[in-house]
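See structure below.
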Amino acid sequence: MSESAILTKGAVALVTGASAGIGRAVARALSTRGVRVICAARRIERLRALVGELEAPALAFEFDIADGEAADELLSRLPEDWRAIDILINNAGHDLGGRRAFHKQAGEDMAATIQTNVTGLMRTTLAILPGMRERGRGHIVNMGSSSGLEWTANHSVYVASKFAVHGFTNSLRQELQGSGVRLTEILPGLVRTEFAAARWRGDEERAEKFYDKFDAALSPEDVADAVMYTLETPAHVSICDLVLRPA
Ligand SMILES: NC(=O)c1ccc[n+]([C@@H]2O[C@H](COP(=O)([O-])OP(=O)(O)OC[C@H]3O[C@@H](n4cnc5c(N)ncnc54)[C@H](OP(=O)(O)O)[C@@H]3O)[C@@H](O)[C@H]2O)c1
């Protein structure tokens with residue numbers, strides 16, 4: 001394989017949702033390759049702890065992707081030498097109040113899920129993509145889900161959010177043809193993270209019971225490995241969708 005165009009020492013990556021689960025695993029994996037990682041999420045203390053353990057220079061960046069203004073001001077809030085972002089990992093997401101019949105869903109949880117998983121992802125992309133296009137260089141990885149390909153009952157809001165990510169990603173990829181910017185969607189099945197606890201507002205016992213019902217689950221590191229694989233490919237290769245499921 002010829003050398004990756006993007007995964008180089010000193011490249012800059014922004015990882016949203018780096019305070020837990022998949023995002024944290026991706027930040028660690030990038031850092032081992034010498035990538036300078038901007039670790040973004042709402043829980044700044046967790047980000048500081050992560051940055052303290054990373055091998056390459058890294059930044060803890062408090063960022064609520066559901067806050068439109070924060071997304072619009074993203075670049076201006078970063079130190080100047082961290083603004084030329086080469087790799088964007090659009091990973092932050094949740095399923096707050098989910099796994100219940102739609103008519104029992106709280107309206108504000110529904111809105112927060114869409115605001116984060118869909119609008120937040122798009123707005124973050126909107127802040128970063130113009131610079132990538134200008135430089136003719138970049139790789140965006142959107143964290144979709146197998147829930148963006150198939151539907152199940154009692155999961156409608158989250159499913160809708162991930163179908164939106166899937167549609168957005170595929171449409172935008174067509175616009176990026178020839179721009180030097182690649183766009184990959186990773187679509188994992190079940191991953192054992194803090195995702196279920198976040199859904200149930202920190203009820204870890206319930207979350208553990210939920211994961212224990214399944215025969216197998218992916219780990220955050222499994223997903224991070226897949227992300228690294230897509231970033232490692234030579235510039236003329238575009239991995240469009242990568243679906244991962246527990247075997
Ligand atoms: N776990 C699964 O089974 C699974 C399967 C397929 C896809 N996914 C997708 O993978 C992604 C990561 O999930 P995970 O499993 O790693 O869950 P997780 O362990 O709960 O981590 C979620 C991350 O998203 C961040 N986040 C949530 N809302 C945010 C906001 N408004 N602004 C900024 N950051 C926010 C959280 O940080 P703060 O709370 O500190 O802000 C946290 O770092 C999500 O997009 C999820 O939909 C998960």
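Ordering of the structure tokens sets the chain letters (A, B, ...), residue numbers begin anew at 1 in every chain, and ligands are numbered from 1 in the order given.
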
Using only C-alpha atoms and all ligand atoms, tabulate the residues of chain A lying at most 6 Å from any atom of ligand 1, each with its closest atom pair and that distance in Å to one decimal, by chain and increasing residue number, as CSV.
residue,atom,partner,partner_atom_place_in_ligand_line,distance
A:Thr16,CA,ligand 1,34 (N),5.9
A:Gly17,CA,ligand 1,43 (O),3.3
A:Ala18,CA,ligand 1,43 (O),4.6
A:Ser19,CA,ligand 1,43 (O),3.8
A:Ala20,CA,ligand 1,43 (O),4.2
A:Gly21,CA,ligand 1,16 (O),3.5
A:Ile22,CA,ligand 1,16 (O),3.8
A:Gly23,CA,ligand 1,16 (O),5.7
A:Ala41,CA,ligand 1,34 (N),3.9
A:Arg42,CA,ligand 1,41 (O),3.5
A:Arg43,CA,ligand 1,40 (O),3.8
A:Phe63,CA,ligand 1,33 (C),5.6
A:Asp64,CA,ligand 1,32 (N),3.5
A:Ile65,CA,ligand 1,32 (N),4.0
A:Ala66,CA,ligand 1,31 (N),4.6
A:Asn91,CA,ligand 1,45 (O),4.7
A:Ala92,CA,ligand 1,24 (O),3.6
A:Gly93,CA,ligand 1,45 (O),3.6
A:His94,CA,ligand 1,27 (C),5.4
A:Thr116,CA,ligand 1,31 (N),5.2
A:Met143,CA,ligand 1,45 (O),5.3
A:Gly144,CA,ligand 1,7 (C),5.6
A:Ser145,CA,ligand 1,6 (C),4.0
A:Pro188,CA,ligand 1,6 (C),4.4
A:Gly189,CA,ligand 1,5 (C),4.9
A:Leu190,CA,ligand 1,3 (O),3.7
A:Val191,CA,ligand 1,3 (O),3.7
A:Arg192,CA,ligand 1,1 (N),5.6
A:Thr193,CA,ligand 1,19 (O),4.4
A:Glu194,CA,ligand 1,19 (O),3.7
A:Phe195,CA,ligand 1,20 (O),3.4
A:Ala198,CA,ligand 1,20 (O),5.6

Considering only C-alpha atoms, return as a PyMOL selection string whatever protein or nucleic-acid residues lie within 10 Å of range 163-169 of chain A, sequence-local ones (same chain, fewer than 3 positions apart) excluded. chain A and resi 114+117-119+121-122+140-151+157-160+172-174+183-187+240-241

Please save N, CA, C and O atoms of the selected residues as a compact mmCIF listing (two decimals), in the first residue's frame.
# COMPACT_ATOMS: atom_id res chain seq x y z
N ILE A 114 -32.05 14.68 17.68
CA ILE A 114 -31.91 15.16 16.30
C ILE A 114 -30.91 16.33 16.25
O ILE A 114 -30.06 16.40 15.37
N ASN A 117 -27.33 14.47 16.88
CA ASN A 117 -26.86 13.46 15.92
C ASN A 117 -26.92 13.96 14.47
O ASN A 117 -26.13 13.50 13.64
N VAL A 118 -27.85 14.86 14.19
CA VAL A 118 -28.02 15.29 12.79
C VAL A 118 -27.54 16.74 12.61
O VAL A 118 -26.54 17.00 11.94
N THR A 119 -28.23 17.68 13.26
CA THR A 119 -27.89 19.09 13.04
C THR A 119 -26.48 19.39 13.53
O THR A 119 -25.72 20.10 12.84
N LEU A 121 -23.91 17.35 13.81
CA LEU A 121 -22.92 16.76 12.89
C LEU A 121 -22.79 17.61 11.62
O LEU A 121 -21.68 17.90 11.16
N MET A 122 -23.94 18.06 11.10
CA MET A 122 -23.89 18.87 9.87
C MET A 122 -23.22 20.22 10.12
O MET A 122 -22.43 20.70 9.32
N ILE A 140 -13.15 13.19 6.25
CA ILE A 140 -14.21 13.27 7.26
C ILE A 140 -14.75 11.86 7.47
O ILE A 140 -15.03 11.15 6.50
N VAL A 141 -14.88 11.48 8.74
CA VAL A 141 -15.48 10.18 9.06
C VAL A 141 -16.74 10.45 9.88
O VAL A 141 -16.66 11.04 10.96
N ASN A 142 -17.88 10.06 9.35
CA ASN A 142 -19.13 10.22 10.08
C ASN A 142 -19.49 8.91 10.78
O ASN A 142 -19.47 7.84 10.15
N MET A 143 -19.81 9.01 12.07
CA MET A 143 -20.20 7.81 12.80
C MET A 143 -21.70 7.61 12.63
O MET A 143 -22.51 8.26 13.26
N GLY A 144 -22.03 6.72 11.70
CA GLY A 144 -23.43 6.33 11.53
C GLY A 144 -23.73 5.17 12.45
O GLY A 144 -23.17 5.06 13.54
N SER A 145 -24.57 4.28 11.98
CA SER A 145 -24.94 3.11 12.79
C SER A 145 -25.66 2.13 11.87
O SER A 145 -26.23 2.53 10.85
N SER A 146 -25.65 0.86 12.27
CA SER A 146 -26.48 -0.09 11.52
C SER A 146 -27.95 0.34 11.61
O SER A 146 -28.76 -0.03 10.77
N SER A 147 -28.28 1.17 12.61
CA SER A 147 -29.64 1.74 12.70
C SER A 147 -29.91 2.76 11.60
O SER A 147 -31.03 3.27 11.50
N GLY A 148 -28.90 3.08 10.81
CA GLY A 148 -29.10 3.95 9.66
C GLY A 148 -29.36 3.18 8.38
O GLY A 148 -29.48 3.76 7.30
N LEU A 149 -29.45 1.84 8.53
CA LEU A 149 -29.70 0.98 7.36
C LEU A 149 -30.97 0.17 7.53
O LEU A 149 -31.55 -0.30 6.55
N GLU A 150 -31.36 -0.06 8.76
CA GLU A 150 -32.51 -0.93 9.01
C GLU A 150 -33.26 -0.40 10.24
O GLU A 150 -32.66 0.24 11.10
N TRP A 151 -34.53 -0.66 10.29
CA TRP A 151 -35.30 -0.08 11.39
C TRP A 151 -35.81 -1.16 12.33
O TRP A 151 -36.00 -2.31 11.94
N VAL A 157 -36.71 7.41 16.88
CA VAL A 157 -36.03 8.71 16.80
C VAL A 157 -34.55 8.51 16.46
O VAL A 157 -34.01 9.15 15.55
N TYR A 158 -33.92 7.59 17.16
CA TYR A 158 -32.50 7.30 16.89
C TYR A 158 -32.33 6.78 15.46
O TYR A 158 -31.42 7.21 14.73
N VAL A 159 -33.21 5.86 15.06
CA VAL A 159 -33.16 5.32 13.69
C VAL A 159 -33.27 6.47 12.68
O VAL A 159 -32.50 6.56 11.72
N ALA A 160 -34.21 7.36 12.91
CA ALA A 160 -34.39 8.50 12.00
C ALA A 160 -33.12 9.34 11.95
O ALA A 160 -32.69 9.78 10.87
N LEU A 172 -23.42 14.21 0.29
CA LEU A 172 -22.26 15.11 0.35
C LEU A 172 -21.05 14.50 -0.35
O LEU A 172 -20.28 15.21 -1.01
N ARG A 173 -20.90 13.18 -0.26
CA ARG A 173 -19.74 12.54 -0.91
C ARG A 173 -19.73 12.84 -2.41
O ARG A 173 -18.68 13.04 -3.02
N GLN A 174 -20.91 12.87 -3.01
CA GLN A 174 -20.98 13.14 -4.45
C GLN A 174 -20.50 14.56 -4.76
O GLN A 174 -19.85 14.80 -5.76
N LEU A 183 -14.80 11.25 2.31
CA LEU A 183 -15.87 11.16 3.31
C LEU A 183 -16.27 9.70 3.48
O LEU A 183 -16.69 9.04 2.52
N THR A 184 -16.12 9.21 4.69
CA THR A 184 -16.42 7.81 5.00
C THR A 184 -17.49 7.75 6.08
O THR A 184 -17.48 8.56 7.00
N GLU A 185 -18.38 6.80 5.95
CA GLU A 185 -19.32 6.55 7.05
C GLU A 185 -19.02 5.18 7.65
O GLU A 185 -18.88 4.19 6.93
N ILE A 186 -18.90 5.16 8.97
CA ILE A 186 -18.73 3.89 9.70
C ILE A 186 -20.09 3.56 10.31
O ILE A 186 -20.70 4.43 10.95
N LEU A 187 -20.55 2.35 10.09
CA LEU A 187 -21.89 1.97 10.58
C LEU A 187 -21.78 0.74 11.49
O LEU A 187 -21.89 -0.39 11.02
N CYS A 240 -16.31 4.20 1.25
CA CYS A 240 -17.54 4.97 1.39
C CYS A 240 -18.28 4.61 2.67
O CYS A 240 -18.52 5.45 3.52
N ASP A 241 -18.67 3.34 2.78
CA ASP A 241 -19.40 2.87 3.97
C ASP A 241 -18.69 1.64 4.50
O ASP A 241 -18.28 0.78 3.73

What separation in Å, quoted to one decimal, exists between CA of Asp95 in chain A and CA of Ser161 in chain A? 9.4 Å

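When the distance limit is 12 Å and only C-alpha atoms are what count, the residues near range 76-83 of chain A, minus those fewer than 6 positions from it on the same chain, are Gly10, Ala11, Val12, Ala13, Leu14, Val35, Arg36, Val37, Ile38, Cys39, Ala40, Pro57, Ala58, Leu59, Ala60, Phe61, Glu62, Phe63, Glu69, Ala70, Ala127, Ile128, Leu129, Pro130, Gly131, Met132 and Arg135 of chain A.
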
Just the number, please: distance in Å from CA of Arg137 in chain A to CA of Val181 in chain A, one decimal. 5.3 Å

Report, in Å with one decimal, the straight-line distance from CA of Asp72 in chain A to CA of Gly120 in chain A. 10.3 Å

Using only C-alpha atoms, which protein or nucleic acid residues come within 9 Å of range 227-237 of chain A? Drop anything in the same chain fewer than 2 positions from it, and give the result as an MDAnalysis selection string. chainID A and resid 1:7 26 29:30 87 89 139 141 180 182 184 186 222:225 239:240 242

Taking only range 109-149 of chain A into account, list the residues labelled strand (DSSP E or B) by DSSP (computed from the backbone), as a PyMOL selection string. chain A and resi 138-143

As a ChimeraX atom specification, please: every residue in range 109-196 of chain A that DSSP puts in helix (DSSP H, G or I). /A:109-135,146-148,156-175,195-196

Can you write out the residues you just picked, keeping C-alpha atoms, as a PDB file, in the first residue's frame?
ATOM      1  CA  ASP A 109     -35.350  14.181  24.246  1.00  0.00           C
ATOM      2  CA  MET A 110     -36.449  13.694  20.660  1.00  0.00           C
ATOM      3  CA  ALA A 111     -35.359  17.222  19.759  1.00  0.00           C
ATOM      4  CA  ALA A 112     -32.022  16.807  21.577  1.00  0.00           C
ATOM      5  CA  THR A 113     -31.281  13.584  19.690  1.00  0.00           C
ATOM      6  CA  ILE A 114     -31.913  15.163  16.301  1.00  0.00           C
ATOM      7  CA  GLN A 115     -30.140  18.376  17.302  1.00  0.00           C
ATOM      8  CA  THR A 116     -27.028  16.422  18.296  1.00  0.00           C
ATOM      9  CA  ASN A 117     -26.861  13.459  15.915  1.00  0.00           C
ATOM     10  CA  VAL A 118     -28.020  15.290  12.794  1.00  0.00           C
ATOM     11  CA  THR A 119     -27.892  19.089  13.039  1.00  0.00           C
ATOM     12  CA  GLY A 120     -24.776  19.085  15.237  1.00  0.00           C
ATOM     13  CA  LEU A 121     -22.920  16.755  12.892  1.00  0.00           C
ATOM     14  CA  MET A 122     -23.887  18.872   9.872  1.00  0.00           C
ATOM     15  CA  ARG A 123     -22.998  22.160  11.543  1.00  0.00           C
ATOM     16  CA  THR A 124     -19.617  20.864  12.669  1.00  0.00           C
ATOM     17  CA  THR A 125     -18.994  19.746   9.099  1.00  0.00           C
ATOM     18  CA  LEU A 126     -20.071  23.161   7.850  1.00  0.00           C
ATOM     19  CA  ALA A 127     -17.474  24.795  10.096  1.00  0.00           C
ATOM     20  CA  ILE A 128     -14.597  22.549   8.985  1.00  0.00           C
ATOM     21  CA  LEU A 129     -15.278  21.625   5.359  1.00  0.00           C
ATOM     22  CA  PRO A 130     -14.629  25.015   3.686  1.00  0.00           C
ATOM     23  CA  GLY A 131     -11.023  24.991   4.973  1.00  0.00           C
ATOM     24  CA  MET A 132     -10.511  21.429   3.805  1.00  0.00           C
ATOM     25  CA  ARG A 133     -11.821  22.325   0.343  1.00  0.00           C
ATOM     26  CA  GLU A 134      -9.572  25.366   0.144  1.00  0.00           C
ATOM     27  CA  ARG A 135      -6.535  23.284   1.067  1.00  0.00           C
ATOM     28  CA  SER A 146     -26.484  -0.092  11.520  1.00  0.00           C
ATOM     29  CA  SER A 147     -29.642   1.736  12.702  1.00  0.00           C
ATOM     30  CA  GLY A 148     -29.100   3.948   9.656  1.00  0.00           C
ATOM     31  CA  SER A 156     -37.706   5.426  15.871  1.00  0.00           C
ATOM     32  CA  VAL A 157     -36.030   8.708  16.796  1.00  0.00           C
ATOM     33  CA  TYR A 158     -32.502   7.304  16.889  1.00  0.00           C
ATOM     34  CA  VAL A 159     -33.155   5.320  13.692  1.00  0.00           C
ATOM     35  CA  ALA A 160     -34.389   8.498  11.998  1.00  0.00           C
ATOM     36  CA  SER A 161     -31.270  10.360  13.119  1.00  0.00           C
ATOM     37  CA  LYS A 162     -28.934   7.705  11.718  1.00  0.00           C
ATOM     38  CA  PHE A 163     -30.882   7.392   8.444  1.00  0.00           C
ATOM     39  CA  ALA A 164     -30.344  11.147   8.166  1.00  0.00           C
ATOM     40  CA  VAL A 165     -26.600  10.727   8.726  1.00  0.00           C
ATOM     41  CA  HIS A 166     -26.531   8.022   6.038  1.00  0.00           C
ATOM     42  CA  GLY A 167     -28.389  10.160   3.496  1.00  0.00           C
ATOM     43  CA  PHE A 168     -26.365  13.269   4.270  1.00  0.00           C
ATOM     44  CA  THR A 169     -23.065  11.407   4.008  1.00  0.00           C
ATOM     45  CA  ASN A 170     -23.855   9.779   0.671  1.00  0.00           C
ATOM     46  CA  SER A 171     -25.173  12.984  -0.852  1.00  0.00           C
ATOM     47  CA  LEU A 172     -22.257  15.109   0.352  1.00  0.00           C
ATOM     48  CA  ARG A 173     -19.738  12.541  -0.912  1.00  0.00           C
ATOM     49  CA  GLN A 174     -20.981  13.144  -4.447  1.00  0.00           C
ATOM     50  CA  GLU A 175     -20.339  16.882  -4.038  1.00  0.00           C
ATOM     51  CA  PHE A 195     -24.145   4.859  25.221  1.00  0.00           C
ATOM     52  CA  ALA A 196     -26.896   2.887  27.007  1.00  0.00           C
TER      53      ALA A 196
END
